[in-house]
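Listing of start_8.txt; format and content: compact mmCIF, C-alpha atoms and all ligand atoms.
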```txt
# COMPACT_ATOMS: atom_id res chain seq x y z
CA MET A 1 -16.98 -21.15 -5.86
CA SER A 2 -19.31 -23.39 -3.89
CA THR A 3 -21.93 -25.56 -5.57
CA SER A 4 -24.76 -23.63 -3.97
CA LYS A 5 -23.33 -20.35 -5.27
CA ILE A 6 -23.02 -21.76 -8.79
CA THR A 7 -26.60 -23.03 -8.61
CA TYR A 8 -27.76 -19.62 -7.40
CA LEU A 9 -25.98 -17.83 -10.25
CA GLY A 10 -27.40 -20.35 -12.74
CA VAL A 11 -30.90 -19.57 -11.53
CA MET A 12 -30.13 -15.85 -11.84
CA VAL A 13 -28.93 -16.27 -15.45
CA THR A 14 -32.18 -18.10 -16.18
CA ILE A 15 -34.31 -15.34 -14.63
CA ALA A 16 -32.34 -12.71 -16.56
CA LEU A 17 -32.95 -14.70 -19.77
CA ILE A 18 -36.69 -14.81 -19.04
CA PHE A 19 -36.65 -11.03 -18.63
CA SER A 20 -34.74 -10.70 -21.92
CA TYR A 21 -37.40 -12.85 -23.59
CA ILE A 22 -40.26 -10.77 -22.16
CA GLU A 23 -38.55 -7.68 -23.55
CA PHE A 24 -38.01 -9.38 -26.89
CA LEU A 25 -41.79 -9.89 -27.06
CA ILE A 26 -42.55 -6.22 -26.36
CA PRO A 27 -42.59 -4.68 -29.83
CA ILE A 28 -40.76 -1.44 -29.17
CA LYS A 29 -38.14 -1.01 -31.86
CA PHE A 30 -34.99 1.00 -31.34
CA PRO A 31 -32.45 1.54 -34.09
CA VAL A 32 -29.37 0.76 -32.06
CA PRO A 33 -29.79 -2.89 -31.14
CA GLY A 34 -30.29 -3.60 -27.48
CA ILE A 35 -31.47 -0.21 -26.22
CA LYS A 36 -34.60 -1.05 -24.27
CA LEU A 37 -36.13 -1.11 -20.81
CA GLY A 38 -33.37 -3.35 -19.49
CA LEU A 39 -35.48 -5.65 -17.31
CA ALA A 40 -32.54 -8.06 -17.07
CA ASN A 41 -30.68 -5.32 -15.23
CA VAL A 42 -32.95 -6.01 -12.22
CA VAL A 43 -31.11 -9.31 -11.81
CA ILE A 44 -27.69 -7.72 -12.31
CA LEU A 45 -28.45 -5.09 -9.64
CA VAL A 46 -29.63 -7.69 -7.14
CA ILE A 47 -26.49 -9.79 -7.66
CA LEU A 48 -24.24 -6.71 -7.49
CA TYR A 49 -25.67 -5.78 -4.08
CA LYS A 50 -25.76 -9.35 -2.76
CA MET A 51 -22.58 -10.90 -4.17
CA GLY A 52 -20.42 -8.16 -5.67
CA TRP A 53 -19.34 -7.13 -9.13
CA LYS A 54 -17.54 -10.32 -10.17
CA ALA A 55 -20.64 -12.48 -9.86
CA ALA A 56 -22.71 -9.73 -11.52
CA PHE A 57 -20.21 -9.55 -14.39
CA TRP A 58 -20.45 -13.28 -15.10
CA VAL A 59 -24.24 -13.38 -14.99
CA SER A 60 -24.39 -10.27 -17.19
CA THR A 61 -21.95 -11.62 -19.78
CA ILE A 62 -23.45 -15.13 -19.96
CA ARG A 63 -26.95 -13.63 -20.20
CA VAL A 64 -25.92 -11.32 -23.07
CA VAL A 65 -24.25 -14.08 -25.08
CA ILE A 66 -27.11 -16.58 -24.66
CA SER A 67 -29.89 -14.06 -25.32
CA GLY A 68 -27.93 -12.76 -28.31
CA PHE A 69 -27.94 -16.23 -29.85
CA LEU A 70 -31.58 -16.91 -28.90
CA PHE A 71 -33.27 -13.60 -29.75
CA GLY A 72 -30.71 -11.55 -31.65
CA ASN A 73 -27.60 -11.71 -33.78
CA PRO A 74 -23.80 -11.53 -33.30
CA MET A 75 -23.84 -7.74 -33.86
CA MET A 76 -26.34 -7.39 -31.01
CA ILE A 77 -24.04 -9.36 -28.70
CA LEU A 78 -21.20 -6.92 -29.35
CA PHE A 79 -23.44 -3.90 -28.64
CA SER A 80 -24.92 -5.44 -25.51
CA LEU A 81 -21.56 -6.59 -24.14
CA VAL A 82 -20.09 -3.11 -24.35
CA GLY A 83 -23.27 -1.52 -22.97
CA CYS A 84 -23.67 -3.98 -20.09
CA THR A 85 -19.99 -3.90 -19.15
CA LEU A 86 -19.84 -0.08 -19.10
CA SER A 87 -23.09 -0.04 -17.12
CA LEU A 88 -21.84 -2.55 -14.54
CA PHE A 89 -18.49 -0.76 -14.29
CA SER A 90 -20.16 2.57 -13.50
CA MET A 91 -22.56 0.98 -11.00
CA THR A 92 -19.69 -0.83 -9.27
CA LEU A 93 -17.87 2.47 -8.82
CA ILE A 94 -20.71 4.12 -6.92
CA TYR A 95 -22.86 1.46 -5.21
CA LYS A 96 -20.62 0.62 -2.27
CA LYS A 97 -20.08 4.04 -0.81
CA ASP A 98 -23.75 4.18 0.08
CA SER A 99 -23.90 7.73 -1.22
CA PHE A 100 -26.40 6.73 -3.91
CA SER A 101 -29.63 4.82 -3.44
CA ILE A 102 -30.16 1.73 -5.58
CA MET A 103 -32.38 3.90 -7.81
CA GLY A 104 -29.49 6.31 -8.39
CA VAL A 105 -27.11 3.42 -9.11
CA SER A 106 -29.61 1.94 -11.54
CA MET A 107 -30.19 5.28 -13.31
CA LEU A 108 -26.46 5.81 -13.87
CA GLY A 109 -26.27 2.21 -15.08
CA ALA A 110 -29.07 2.78 -17.59
CA VAL A 111 -27.44 5.96 -18.95
CA MET A 112 -24.03 4.28 -19.24
CA HIS A 113 -25.62 1.25 -20.90
CA ASN A 114 -26.98 3.49 -23.66
CA LEU A 115 -23.67 5.34 -23.89
CA GLY A 116 -21.76 2.08 -24.39
CA GLN A 117 -24.09 1.02 -27.20
CA VAL A 118 -23.97 4.41 -28.88
CA LEU A 119 -20.16 4.45 -28.73
CA VAL A 120 -20.08 1.12 -30.58
CA ALA A 121 -22.63 2.50 -33.07
CA MET A 122 -20.47 5.59 -33.61
CA ILE A 123 -17.49 3.37 -34.43
CA VAL A 124 -19.49 1.02 -36.67
CA MET A 125 -21.27 3.87 -38.49
CA GLU A 126 -18.16 6.09 -38.51
CA SER A 127 -20.48 8.93 -37.58
CA PHE A 128 -20.42 11.34 -34.68
CA SER A 129 -24.09 12.21 -35.16
CA VAL A 130 -25.20 9.04 -33.38
CA ILE A 131 -24.37 10.82 -30.10
CA TYR A 132 -27.51 12.99 -30.55
CA TYR A 133 -29.51 9.82 -30.35
CA PHE A 134 -27.94 9.06 -26.97
CA ILE A 135 -28.76 12.57 -25.72
CA SER A 136 -32.37 12.31 -26.86
CA LEU A 137 -32.63 9.10 -24.82
CA LEU A 138 -31.21 10.55 -21.57
CA ILE A 139 -34.55 11.25 -19.89
CA ALA A 140 -35.92 7.88 -20.96
CA ALA A 141 -32.84 6.21 -19.45
CA LEU A 142 -33.36 8.04 -16.15
CA PHE A 143 -36.97 6.88 -16.09
CA THR A 144 -36.30 3.23 -16.95
CA GLY A 145 -33.31 3.17 -14.57
CA PHE A 146 -35.52 4.44 -11.77
CA VAL A 147 -38.20 1.79 -12.39
CA ILE A 148 -35.58 -0.98 -12.58
CA GLY A 149 -34.01 0.34 -9.34
CA ILE A 150 -37.32 0.21 -7.46
CA ILE A 151 -38.01 -3.34 -8.61
CA ALA A 152 -34.49 -4.42 -7.53
CA GLN A 153 -34.94 -2.69 -4.16
CA ARG A 154 -38.18 -4.61 -3.53
CA LEU A 155 -36.52 -7.90 -4.50
CA LEU A 156 -33.57 -7.25 -2.18
CA ALA A 157 -36.00 -6.59 0.68
CA ILE A 158 -37.33 -10.13 0.33
CA ASN A 159 -34.92 -12.34 2.22
CA VAL A 160 -34.74 -15.80 0.74
CA ASN A 161 -32.37 -18.10 2.53
CA MET B 1 -33.46 8.74 -2.52
CA LYS B 2 -30.23 10.39 -1.45
CA LYS B 3 -28.63 13.76 -2.14
CA ASN B 4 -26.33 12.29 -4.80
CA ASP B 5 -29.33 10.75 -6.59
CA ILE B 6 -30.85 14.20 -6.91
CA ILE B 7 -27.54 15.64 -8.17
CA LEU B 8 -27.34 12.84 -10.76
CA ILE B 9 -30.93 13.35 -11.93
CA GLY B 10 -30.45 17.14 -11.97
CA THR B 11 -27.20 17.06 -13.97
CA ILE B 12 -28.47 14.64 -16.60
CA SER B 13 -31.82 16.44 -16.89
CA ILE B 14 -30.09 19.80 -17.39
CA ILE B 15 -27.85 18.37 -20.14
CA ALA B 16 -30.91 16.87 -21.84
CA MET B 17 -32.90 20.09 -21.41
CA ILE B 18 -30.13 22.24 -22.94
CA PHE B 19 -30.13 20.01 -26.02
CA TYR B 20 -33.93 20.01 -26.25
CA ILE B 21 -34.11 23.80 -26.03
CA PHE B 22 -31.12 24.78 -28.18
CA VAL B 23 -30.69 21.86 -30.60
CA PHE B 24 -33.71 19.59 -30.98
CA SER B 25 -36.34 22.36 -30.94
CA LYS B 26 -35.39 23.83 -34.34
CA GLU B 27 -37.11 22.68 -37.50
CA ALA B 28 -34.69 21.01 -39.87
CA ASP B 29 -34.26 22.19 -43.46
CA ILE B 30 -32.01 19.61 -45.04
CA VAL B 31 -31.31 15.90 -44.74
CA LYS B 32 -27.72 14.74 -44.92
CA ILE B 33 -27.19 11.11 -45.86
CA SER B 34 -23.92 9.31 -45.16
CA ILE B 35 -22.82 5.76 -45.86
CA ASP B 36 -19.92 4.27 -43.97
CA GLY B 37 -19.05 7.74 -42.67
CA ILE B 38 -18.76 9.15 -46.20
CA GLU B 39 -21.26 11.79 -47.24
CA TYR B 40 -23.63 10.45 -49.89
CA GLY B 41 -25.76 13.50 -50.49
CA THR B 42 -27.66 16.42 -49.02
CA TYR B 43 -31.28 17.07 -49.92
CA SER B 44 -33.74 19.83 -49.15
CA LEU B 45 -36.67 18.97 -46.90
CA ASP B 46 -38.75 21.66 -48.63
CA LYS B 47 -39.12 19.52 -51.72
CA ASP B 48 -41.24 16.36 -51.50
CA GLN B 49 -39.12 13.60 -53.00
CA ILE B 50 -38.11 9.98 -52.83
CA ILE B 51 -34.39 9.37 -52.47
CA ASN B 52 -32.79 6.12 -53.54
CA ILE B 53 -29.78 5.58 -51.29
CA ASN B 54 -27.22 3.35 -52.97
CA ASN B 55 -29.98 0.92 -54.09
CA SER B 56 -30.21 -0.35 -50.52
CA ASN B 57 -32.48 2.12 -48.71
CA THR B 58 -35.26 4.46 -49.77
CA LEU B 59 -35.94 7.70 -47.95
CA GLN B 60 -39.14 9.63 -48.50
CA ILE B 61 -39.56 13.35 -47.87
CA ILE B 62 -43.09 14.67 -47.42
CA ASP B 63 -44.06 17.93 -45.68
CA ASN B 64 -40.51 18.63 -44.44
CA THR B 65 -40.39 15.20 -42.80
CA ALA B 66 -38.10 12.31 -43.71
CA THR B 67 -39.06 8.66 -43.35
CA MET B 68 -37.20 5.48 -44.29
CA ILE B 69 -39.78 3.61 -46.32
CA GLU B 70 -37.76 0.74 -47.77
CA ALA B 71 -34.57 -1.11 -46.94
CA ASP B 72 -32.93 -4.39 -47.86
CA CYS B 73 -31.31 -4.87 -44.43
CA PRO B 74 -32.10 -8.06 -42.52
CA ASP B 75 -33.31 -6.41 -39.29
CA GLN B 76 -35.62 -3.79 -40.89
CA LEU B 77 -35.20 -1.63 -37.79
CA CYS B 78 -34.65 1.53 -39.85
CA ILE B 79 -38.07 1.43 -41.50
CA HIS B 80 -39.70 1.13 -38.07
CA GLN B 81 -38.06 4.31 -36.82
CA ALA B 82 -40.16 7.41 -36.42
CA SER B 83 -40.16 10.12 -39.09
CA ILE B 84 -37.65 12.91 -38.51
CA SER B 85 -38.06 16.67 -38.93
CA LYS B 86 -36.33 18.33 -35.96
CA ASN B 87 -32.71 19.46 -35.99
CA ARG B 88 -30.20 16.63 -35.44
CA GLN B 89 -32.71 13.81 -35.41
CA ASN B 90 -31.52 10.81 -37.37
CA ILE B 91 -32.50 7.49 -38.84
CA ILE B 92 -29.86 4.79 -38.71
CA CYS B 93 -29.63 1.61 -40.74
CA LEU B 94 -26.87 -0.23 -38.96
CA PRO B 95 -26.45 -3.24 -41.30
CA ASN B 96 -26.10 -0.95 -44.34
CA LYS B 97 -24.20 1.70 -42.35
CA VAL B 98 -26.59 4.34 -43.64
CA ILE B 99 -27.38 7.38 -41.54
CA ALA B 100 -29.87 10.07 -42.52
CA GLU B 101 -29.64 13.15 -40.36
CA VAL B 102 -31.91 16.18 -40.59
CA ILE B 103 -30.25 19.50 -39.86
CA SER B 104 -31.34 23.08 -39.41
CA VAL B 105 -29.27 25.13 -41.87
CA ASP B 106 -28.62 28.13 -39.67
CA GLU B 107 -26.17 26.03 -37.74
CA THR B 108 -24.25 24.75 -40.75
CA GLU B 109 -22.38 26.90 -43.25
CA PHE B 110 -24.72 25.79 -46.01
CA ASP B 111 -21.82 25.50 -48.42
CA VAL B 112 -22.96 22.02 -49.29
CA LEU B 113 -24.67 21.17 -52.52
CA VAL B 114 -28.39 20.79 -51.89
CA TYR B 115 -30.60 18.97 -54.35
ZN ZN A 201 -32.07 -0.94 -42.06
```
For the file at hand, write its structure as structure tokens.
Amino acid sequence: MSTSKITYLGVMVTIALIFSYIEFLIPIKFPVPGIKLGLANVVILVILYKMGWKAAFWVSTIRVVISGFLFGNPMMILFSLVGCTLSLFSMTLIYKKDSFSIMGVSMLGAVMHNLGQVLVAMIVMESFSVIYYFISLLIAALFTGFVIGIIAQRLLAINVN
Amino acid sequence: MKKNDIILIGTISIIAMIFYIFVFSKEADIVKISIDGIEYGTYSLDKDQIININNSNTLQIIDNTATMIEADCPDQLCIHQASISKNRQNIICLPNKVIAEVISVDETEFDVLVY
């Protein structure tokens, strides 16, 4: 990895952390830790499209661990890691073939992010009923995924070199 | 937007819609409380009452609606959750592993003991 690439990814982690902080300040409380708008996913999407899934994975993971220590707790890190990894995995599978727009990729990512968190919650709570919570959030995930996708699309259109 | 985007939105919306129409639309009659996956108790939503759950959480039932009003968990997320009254809605307290789920009885066998 070149120095400039590392610097770039470092800046991206920082921006993602700022987004996480903004979200931390918005007082919308969800019971399963980490389910939220997912502003940080804007950064992950941009990196995925620009540099591929490996770079996106590292930024995502480092962001989750640092923001977990800064604004959350160890339990939240576990939930977010599973959610973010499942989200990135699903987005990686479909983004390249150009059969989905970035909004579609982002929407699937948002749904899978919630699914990952709910799966961890099901295991922790030893309860199947948590899945209903995921279903009730499906439309919300589509909506937030769409908004995040549009923002990422605009950012990708700006060419900074 | 591409064709696959529309298919994705359509599929997920239909799944959500089916649940909203056939599951979440019904009024719930009972609240089932479980701790650590083990059933703690089932209570009628028809009776206004305050339920002490294992000395860690307190659930209040008023007008067929359940609300978590007190908890000793560090994050206090459960007491900020909305009140529940529709079939299969739930309130989760993750640190205490407490889940309160409201259910419409016509979809359960109702062989459970209801207080
Ligand atoms: Zn709680």
If we count all atoms listed in the file, what is near Phe128 in chain A at a cut-off of 12 Å, once residues fewer than 2 positions away on the same chain are taken out, given as a PDB file with C-alpha atoms, in the frame of the given file?
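Final file, part19.pdb:
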```
ATOM      1  CA  VAL A 118     -23.970   4.410 -28.880  1.00  0.00           C
ATOM      2  CA  LEU A 119     -20.160   4.450 -28.730  1.00  0.00           C
ATOM      3  CA  VAL A 120     -20.080   1.120 -30.580  1.00  0.00           C
ATOM      4  CA  ALA A 121     -22.630   2.500 -33.070  1.00  0.00           C
ATOM      5  CA  MET A 122     -20.470   5.590 -33.610  1.00  0.00           C
ATOM      6  CA  ILE A 123     -17.490   3.370 -34.430  1.00  0.00           C
ATOM      7  CA  VAL A 124     -19.490   1.020 -36.670  1.00  0.00           C
ATOM      8  CA  MET A 125     -21.270   3.870 -38.490  1.00  0.00           C
ATOM      9  CA  GLU A 126     -18.160   6.090 -38.510  1.00  0.00           C
ATOM     10  CA  VAL A 130     -25.200   9.040 -33.380  1.00  0.00           C
ATOM     11  CA  ILE A 131     -24.370  10.820 -30.100  1.00  0.00           C
ATOM     12  CA  TYR A 132     -27.510  12.990 -30.550  1.00  0.00           C
ATOM     13  CA  TYR A 133     -29.510   9.820 -30.350  1.00  0.00           C
ATOM     14  CA  PHE A 134     -27.940   9.060 -26.970  1.00  0.00           C
TER      15      PHE A 134
ATOM     16  CA  SER B  34     -23.920   9.310 -45.160  1.00  0.00           C
ATOM     17  CA  ASP B  36     -19.920   4.270 -43.970  1.00  0.00           C
ATOM     18  CA  GLY B  37     -19.050   7.740 -42.670  1.00  0.00           C
ATOM     19  CA  ILE B  38     -18.760   9.150 -46.200  1.00  0.00           C
ATOM     20  CA  ARG B  88     -30.200  16.630 -35.440  1.00  0.00           C
ATOM     21  CA  ASN B  90     -31.520  10.810 -37.370  1.00  0.00           C
ATOM     22  CA  ILE B  99     -27.380   7.380 -41.540  1.00  0.00           C
ATOM     23  CA  GLU B 101     -29.640  13.150 -40.360  1.00  0.00           C
TER      24      GLU B 101
END
```
query: So how many Å separate CA of Glu27 in chain B and CA of Leu94 in chain B, to one decimal?
result: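 Computed distance, CA of Glu27 in chain B to CA of Leu94 in chain B, equals 25.1 Å.
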message: Please find the residues of chain B near chain A - the criterion being any atom within 10 Å, counting only C-alpha atoms - and write them as a PyMOL selection string.
response: chain B and resi 1-9+12-17+19-20+23-24+34-38+75-82+87-101
message: Need to verify the contact set: range 35-47 of chain A, 8 Å, only C-alpha atoms, exclusion of same-chain residues closer than 2 positions in sequence. Can you return it as a PyMOL selection string?
response: chain A and resi 12+15-17+19-20+23+28+30+32-33+49-53+55-57+59-60+106+110+114+117+144+148-149+151-153+155-156
message: Report, in Å to a single decimal, how far apart CA of Ala28 in chain B and CA of Val102 in chain B are.
response: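 Separation between CA of Val102 in chain B and CA of Ala28 in chain B: 5.6 Å.
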message: I'd like the interatomic distance between CA of Leu59 in chain B and CA of Ser104 in chain B, to a tenth of an Å.
response: 18.2 Å
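In this comparison, which uses only C-alpha atoms and all ligand atoms, the residue of B:Ile84, B:Ile21, B:Ala71, B:Ile53 approaching ligand ZN 201 (chain A) most closely is B:Ala71.
Close contacts of Thr58 in chain B, defined as residues with an atom at most 9 Å away when counting all atoms listed in the file, with chain neighbours fewer than 5 positions off set aside, comprise Ile50, Ile51, Asn52, Ile53, Thr67, Met68, Ile69, Glu70 and Ala71 of chain B.
Counting all atoms listed in the file, Asp48 in chain B has the following residues at most 10 Å away, ignoring those fewer than 5 positions along the same chain: Gln60, Ile61, Ile62, Asp63, Asn64, Thr65 and Ala66 of chain B.
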- prompt: Using all atoms listed in the file, which of the listed residues (B:Ile18, B:Gly10, B:Pro74, B:Ser83) sits closest to ligand ZN 201 (chain A)?
  reply: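 Looking only at the distances to ligand ZN 201 (chain A), the closest residue turns out to be B:Pro74.
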Emit as AutoDock Vina command-line options the padded axis-aligned box for all listed atoms of range 123-134 of chain A, 5 Å per side, with centre and edge lengths in Å to one decimal.
```
--center_x -23.5 --center_y 7.0 --center_z -32.7 --size_x 22.0 --size_y 22.0 --size_z 21.5
```
